[in-house]
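What's in data_16.pdb: PDB, C-alpha atoms, pLDDT in the B column
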ATOM      1  CA  MET A   1      41.486 118.637  92.308  1.00 49.00           C
ATOM      2  CA  ASP A   2      38.242 119.665  90.657  1.00 50.00           C
ATOM      3  CA  PHE A   3      35.003 119.973  92.616  1.00 47.00           C
ATOM      4  CA  PRO A   4      31.579 119.839  91.105  1.00 50.00           C
ATOM      5  CA  PRO A   5      30.318 123.449  90.892  1.00 53.00           C
ATOM      6  CA  ALA A   6      27.698 123.197  93.686  1.00 50.00           C
ATOM      7  CA  ARG A   7      30.003 121.342  96.061  1.00 48.00           C
ATOM      8  CA  GLY A   8      32.834 123.829  95.420  1.00 47.00           C
ATOM      9  CA  ARG A   9      30.605 126.822  96.119  1.00 43.00           C
ATOM     10  CA  ARG A  10      29.339 125.205  99.325  1.00 46.00           C
ATOM     11  CA  ALA A  11      32.907 124.561 100.457  1.00 41.00           C
ATOM     12  CA  LEU A  12      33.904 128.164  99.734  1.00 39.00           C
ATOM     13  CA  VAL A  13      30.832 129.578 101.492  1.00 39.00           C
ATOM     14  CA  THR A  14      31.446 127.348 104.539  1.00 41.00           C
ATOM     15  CA  ALA A  15      35.119 128.352 104.688  1.00 40.00           C
ATOM     16  CA  GLY A  16      34.178 132.033 104.369  1.00 41.00           C
ATOM     17  CA  LEU A  17      31.632 131.785 107.170  1.00 36.00           C
ATOM     18  CA  LEU A  18      34.119 130.044 109.445  1.00 37.00           C
ATOM     19  CA  LEU A  19      36.703 132.746 108.791  1.00 38.00           C
ATOM     20  CA  ALA A  20      34.164 135.519 109.341  1.00 41.00           C
ATOM     21  CA  VAL A  21      33.132 134.083 112.700  1.00 41.00           C
ATOM     22  CA  ALA A  22      36.517 132.906 114.001  1.00 44.00           C
ATOM     23  CA  ALA A  23      38.833 135.690 112.811  1.00 42.00           C
ATOM     24  CA  PRO A  24      37.468 138.517 115.012  1.00 46.00           C
ATOM     25  CA  ALA A  25      37.733 136.324 118.116  1.00 45.00           C
ATOM     26  CA  ALA A  26      41.284 135.346 117.230  1.00 44.00           C
ATOM     27  CA  TYR A  27      42.362 138.933 116.567  1.00 44.00           C
ATOM     28  CA  ALA A  28      40.638 140.212 119.715  1.00 47.00           C
ATOM     29  CA  THR A  29      43.079 138.270 121.880  1.00 50.00           C
ATOM     30  CA  LEU A  30      46.258 139.301 120.054  1.00 51.00           C
ATOM     31  CA  ASP A  31      48.276 142.507 120.290  1.00 56.00           C
ATOM     32  CA  GLY A  32      49.609 144.136 117.140  1.00 62.00           C
ATOM     33  CA  ASP A  33      52.729 141.954 117.179  1.00 63.00           C
ATOM     34  CA  GLY A  34      50.739 138.689 117.374  1.00 61.00           C
ATOM     35  CA  THR A  35      51.358 138.028 121.079  1.00 59.00           C
ATOM     36  CA  PRO A  36      48.432 137.455 123.451  1.00 60.00           C
ATOM     37  CA  SER A  37      47.090 140.755 124.780  1.00 60.00           C
ATOM     38  CA  ALA A  38      47.310 141.638 128.472  1.00 60.00           C
ATOM     39  CA  ALA A  39      43.531 142.025 128.597  1.00 58.00           C
ATOM     40  CA  ALA A  40      43.040 138.474 127.385  1.00 64.00           C
ATOM     41  CA  ALA A  41      45.593 137.072 129.829  1.00 68.00           C
ATOM     42  CA  ALA A  42      44.658 139.097 132.928  1.00 68.00           C
ATOM     43  CA  PRO A  43      41.723 138.008 135.065  1.00 74.00           C
ATOM     44  CA  ALA A  44      39.106 140.616 135.949  1.00 77.00           C
ATOM     45  CA  ARG A  45      39.910 142.226 139.286  1.00 83.00           C
ATOM     46  CA  GLY A  46      38.376 144.755 141.594  1.00 88.00           C
ATOM     47  CA  ALA A  47      34.964 145.978 142.554  1.00 92.00           C
ATOM     48  CA  PRO A  48      32.771 148.137 140.322  1.00 95.00           C
ATOM     49  CA  TYR A  49      33.800 151.758 140.729  1.00 95.00           C
ATOM     50  CA  ALA A  50      33.213 155.046 138.976  1.00 96.00           C
ATOM     51  CA  GLU A  51      36.172 157.196 137.975  1.00 97.00           C
ATOM     52  CA  THR A  52      35.657 160.912 137.544  1.00 98.00           C
ATOM     53  CA  ARG A  53      38.334 163.191 136.164  1.00 98.00           C
ATOM     54  CA  LEU A  54      37.908 166.920 136.626  1.00 98.00           C
ATOM     55  CA  LEU A  55      39.894 169.309 134.424  1.00 98.00           C
ATOM     56  CA  PHE A  56      40.674 172.661 136.041  1.00 98.00           C
ATOM     57  CA  GLY A  57      42.095 175.599 134.127  1.00 96.00           C
ATOM     58  CA  THR A  58      44.110 178.319 135.843  1.00 97.00           C
ATOM     59  CA  GLU A  59      43.588 181.392 133.630  1.00 95.00           C
ATOM     60  CA  ARG A  60      40.690 183.539 134.829  1.00 93.00           C
ATOM     61  CA  SER A  61      38.023 184.623 132.357  1.00 87.00           C
ATOM     62  CA  ASP A  62      37.837 188.017 134.109  1.00 89.00           C
ATOM     63  CA  GLY A  63      41.527 188.698 133.370  1.00 88.00           C
ATOM     64  CA  GLY A  64      42.637 188.339 136.985  1.00 93.00           C
ATOM     65  CA  PRO A  65      45.853 186.609 138.020  1.00 96.00           C
ATOM     66  CA  ALA A  66      46.164 182.896 137.246  1.00 96.00           C
ATOM     67  CA  VAL A  67      45.340 180.386 139.968  1.00 98.00           C
ATOM     68  CA  THR A  68      48.523 179.502 141.858  1.00 97.00           C
ATOM     69  CA  ASP A  69      49.594 176.067 143.087  1.00 97.00           C
ATOM     70  CA  GLY A  70      48.908 177.227 146.651  1.00 98.00           C
ATOM     71  CA  GLN A  71      45.400 178.402 145.782  1.00 98.00           C
ATOM     72  CA  PHE A  72      44.610 175.146 144.027  1.00 98.00           C
ATOM     73  CA  THR A  73      45.970 173.059 146.916  1.00 98.00           C
ATOM     74  CA  ALA A  74      43.872 175.079 149.376  1.00 98.00           C
ATOM     75  CA  PHE A  75      40.808 174.571 147.154  1.00 98.00           C
ATOM     76  CA  VAL A  76      41.361 170.788 147.119  1.00 98.00           C
ATOM     77  CA  ASP A  77      41.862 170.748 150.893  1.00 98.00           C
ATOM     78  CA  GLU A  78      38.711 172.801 151.582  1.00 98.00           C
ATOM     79  CA  GLU A  79      36.299 171.771 148.805  1.00 98.00           C
ATOM     80  CA  VAL A  80      37.300 168.286 147.605  1.00 98.00           C
ATOM     81  CA  THR A  81      38.878 166.352 150.461  1.00 98.00           C
ATOM     82  CA  PRO A  82      35.895 166.656 152.867  1.00 97.00           C
ATOM     83  CA  GLY A  83      33.635 164.922 150.306  1.00 96.00           C
ATOM     84  CA  PHE A  84      36.256 162.390 149.144  1.00 96.00           C
ATOM     85  CA  PRO A  85      38.416 161.635 152.204  1.00 95.00           C
ATOM     86  CA  ASP A  86      39.364 158.121 150.990  1.00 93.00           C
ATOM     87  CA  GLY A  87      41.782 159.521 148.432  1.00 94.00           C
ATOM     88  CA  LEU A  88      42.297 161.345 145.157  1.00 97.00           C
ATOM     89  CA  THR A  89      45.030 162.123 142.667  1.00 98.00           C
ATOM     90  CA  VAL A  90      46.057 165.513 141.291  1.00 98.00           C
ATOM     91  CA  GLN A  91      48.277 165.928 138.246  1.00 98.00           C
ATOM     92  CA  SER A  92      49.612 169.182 136.830  1.00 97.00           C
ATOM     93  CA  GLY A  93      49.560 169.743 133.118  1.00 96.00           C
ATOM     94  CA  ARG A  94      49.067 172.067 130.211  1.00 96.00           C
ATOM     95  CA  GLY A  95      45.817 172.191 128.341  1.00 94.00           C
ATOM     96  CA  GLN A  96      43.856 174.058 125.751  1.00 93.00           C
ATOM     97  CA  TRP A  97      40.213 174.565 124.960  1.00 88.00           C
ATOM     98  CA  ARG A  98      37.932 176.837 122.934  1.00 91.00           C
ATOM     99  CA  ASP A  99      36.295 179.501 125.102  1.00 85.00           C
ATOM    100  CA  ALA A 100      32.778 180.911 124.735  1.00 85.00           C
ATOM    101  CA  SER A 101      34.009 183.552 122.282  1.00 89.00           C
ATOM    102  CA  GLY A 102      35.598 180.908 120.044  1.00 92.00           C
ATOM    103  CA  ARG A 103      39.233 181.628 120.919  1.00 90.00           C
ATOM    104  CA  ILE A 104      41.684 178.813 121.689  1.00 93.00           C
ATOM    105  CA  GLN A 105      42.977 179.243 125.223  1.00 89.00           C
ATOM    106  CA  LYS A 106      46.200 177.553 126.349  1.00 94.00           C
ATOM    107  CA  GLU A 107      46.904 177.373 130.046  1.00 95.00           C
ATOM    108  CA  ARG A 108      48.448 175.567 132.952  1.00 97.00           C
ATOM    109  CA  SER A 109      45.916 173.098 134.328  1.00 97.00           C
ATOM    110  CA  TYR A 110      45.192 170.400 136.888  1.00 98.00           C
ATOM    111  CA  GLU A 111      43.565 167.007 136.454  1.00 98.00           C
ATOM    112  CA  LEU A 112      41.871 165.645 139.567  1.00 98.00           C
ATOM    113  CA  THR A 113      40.965 161.932 139.599  1.00 98.00           C
ATOM    114  CA  LEU A 114      38.351 160.557 141.980  1.00 98.00           C
ATOM    115  CA  LEU A 115      37.414 156.876 142.394  1.00 97.00           C
ATOM    116  CA  TYR A 116      34.282 155.897 144.291  1.00 96.00           C
ATOM    117  CA  PRO A 117      32.087 152.785 144.527  1.00 96.00           C
ATOM    118  CA  LEU A 118      29.226 152.682 142.041  1.00 95.00           C
ATOM    119  CA  ALA A 119      26.882 152.214 144.992  1.00 95.00           C
ATOM    120  CA  ARG A 120      27.772 155.792 146.031  1.00 95.00           C
ATOM    121  CA  ALA A 121      27.540 157.306 142.537  1.00 96.00           C
ATOM    122  CA  ALA A 122      24.427 159.462 143.122  1.00 95.00           C
ATOM    123  CA  GLU A 123      25.849 160.977 146.311  1.00 96.00           C
ATOM    124  CA  SER A 124      29.262 161.482 144.704  1.00 97.00           C
ATOM    125  CA  ASP A 125      27.715 163.088 141.613  1.00 97.00           C
ATOM    126  CA  ARG A 126      26.100 165.774 143.758  1.00 97.00           C
ATOM    127  CA  ARG A 127      29.396 166.502 145.518  1.00 98.00           C
ATOM    128  CA  ILE A 128      31.320 166.618 142.239  1.00 98.00           C
ATOM    129  CA  GLU A 129      28.908 169.131 140.754  1.00 98.00           C
ATOM    130  CA  GLU A 130      29.283 171.278 143.896  1.00 98.00           C
ATOM    131  CA  ILE A 131      33.083 171.157 143.448  1.00 98.00           C
ATOM    132  CA  ARG A 132      32.800 172.242 139.824  1.00 98.00           C
ATOM    133  CA  ARG A 133      30.516 175.186 140.632  1.00 98.00           C
ATOM    134  CA  ALA A 134      32.685 176.264 143.584  1.00 98.00           C
ATOM    135  CA  TYR A 135      35.822 176.371 141.416  1.00 98.00           C
ATOM    136  CA  GLU A 136      34.063 178.240 138.617  1.00 98.00           C
ATOM    137  CA  LYS A 137      32.828 180.851 141.094  1.00 97.00           C
ATOM    138  CA  ALA A 138      36.033 181.177 143.156  1.00 97.00           C
ATOM    139  CA  PHE A 139      38.384 181.466 140.174  1.00 97.00           C
ATOM    140  CA  ALA A 140      36.240 183.080 137.429  1.00 96.00           C
ATOM    141  CA  GLN A 141      36.150 179.987 135.200  1.00 95.00           C
ATOM    142  CA  GLU A 142      33.727 179.404 132.303  1.00 93.00           C
ATOM    143  CA  SER A 143      33.680 175.693 133.143  1.00 94.00           C
ATOM    144  CA  VAL A 144      35.410 172.752 134.766  1.00 97.00           C
ATOM    145  CA  GLY A 145      35.678 169.725 132.462  1.00 97.00           C
ATOM    146  CA  ARG A 146      34.348 166.379 133.640  1.00 98.00           C
ATOM    147  CA  VAL A 147      35.011 162.845 132.351  1.00 98.00           C
ATOM    148  CA  ASP A 148      33.229 159.808 133.865  1.00 98.00           C
ATOM    149  CA  LEU A 149      34.143 156.147 133.392  1.00 97.00           C
ATOM    150  CA  ARG A 150      33.082 152.824 134.879  1.00 96.00           C
ATOM    151  CA  VAL A 151      36.104 150.879 136.088  1.00 95.00           C
ATOM    152  CA  GLY A 152      37.135 148.030 138.332  1.00 93.00           C
ATOM    153  CA  ALA A 153      39.239 149.058 141.322  1.00 92.00           C
ATOM    154  CA  ASP A 154      41.059 147.055 143.958  1.00 91.00           C
ATOM    155  CA  PHE A 155      42.872 148.631 146.907  1.00 89.00           C
TER
END
Encoded form using structure tokens:
Amino acid sequence: MDFPPARGRRALVTAGLLLAVAAPAAYATLDGDGTPSAAAAAPARGAPYAETRLLFGTERSDGGPAVTDGQFTAFVDEEVTPGFPDGLTVQSGRGQWRDASGRIQKERSYELTLLYPLARAAESDRRIEEIRRAYEKAFAQESVGRVDLRVGADF
């Protein structure tokens, strides 16, 4: 079937615009295998919370002995739990980072996850910064990593 040139161009432009607008929405709701994604199918749940992850190394910058599991547990009990008594999660791991001198350091590490209501974010921020400074001072650390996210949480 032949279209007059103007009508054919209009039809192609219209089809292109429809594809440009509809395709991203269609792909946004599909996983890589073409099935609906969990995010598209799951209703939003939970209240607005902040999630903070703190990354603690165990090798001391002053060359002293590495932080032990017992020392880290005592630190959490004394410095973290009083400010976040509702709960937290600690995971052990291995990490690496570039120190102030430019060397790659590999070490045993801990990841501490805190969840707190956004309404308490300013108060929690102050406490988290105190935790970071206390660990740096107590265990001769150059820094304690921090990652902050906004999440929905339901308990």
Between A:Leu54, A:Ala153, A:Ser143, A:Tyr116, smallest distance to Gly87 (chain A) by only C-alpha atoms belongs to A:Tyr116
What separates CA of Ala134 (chain A) and CA of Phe84 (chain A) is a distance of 15.4 Å
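Using all atoms listed in the file for every distance, the candidate list A:Trp97, A:Pro43, A:Arg133, A:Pro85 yields A:Trp97 as the residue closest to Ser109 (chain A).
When CA of Val76 (chain A) is paired with CA of Ile131 (chain A), their separation reads 9.1 Å.
Of the listed residues (A:Ala47, A:Glu130, A:Asp99, A:Val90), A:Asp99 comes nearest to Ser61 (chain A); the distances count only C-alpha atoms.
Using all atoms listed in the file, the protein and nucleic acid residues lying no more than 10 Å from Arg45 (chain A), apart from those fewer than 5 places from it along its own chain, are Val151, Gly152, Ala153 and Asp154 of chain A.
If all atoms listed in the file are the atoms counted, then among A:Ala122, A:Tyr49, A:Val147, A:Arg108 the closest residue to Thr68 (chain A) is A:Arg108.
The interatomic distance for the pair CA of Lys137 (chain A) and CA of Arg60 (chain A) works out to 10.4 Å.
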Shell of 12 Å around Gly64 (chain A), only C-alpha atoms, local chain residues under 5 positions omitted, as a PyMOL selection string = chain A and resi 58-59+138-141
Only C-alpha atoms, please: the residues just picked out, written as a PDB file, in the frame of the given file.
ATOM      1  CA  THR A  58      44.110 178.319 135.843  1.00 97.00           C
ATOM      2  CA  GLU A  59      43.588 181.392 133.630  1.00 95.00           C
ATOM      3  CA  ALA A 138      36.033 181.177 143.156  1.00 97.00           C
ATOM      4  CA  PHE A 139      38.384 181.466 140.174  1.00 97.00           C
ATOM      5  CA  ALA A 140      36.240 183.080 137.429  1.00 96.00           C
ATOM      6  CA  GLN A 141      36.150 179.987 135.200  1.00 95.00           C
TER       7      GLN A 141
END
Arg127 (chain A) proximity check over A:Gln105, A:Thr89, A:Val80, A:Val144, using only C-alpha atoms: winner is A:Val80
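Among the candidate residues A:Arg150, A:Leu88, A:Val67, A:Ala74, the one lying nearest to Leu118 (chain A) is A:Arg150, with distances computed using only C-alpha atoms.
Residue membership of the PyMOL selection byres ((chain A and resi 114) around 6) in the shown file amounts to Glu51, Thr52, Leu88, Thr113 and Leu115 of chain A.
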Box for region 104-121 of chain A - axis-aligned, 5 Å on each of the six sides, all listed atoms - centre and size in Å to one decimal, as lines of an AutoDock Vina configuration file.
center_x = 37.7
center_y = 165.7
center_z = 133.9
size_x = 31.6
size_y = 37.0
size_z = 34.3
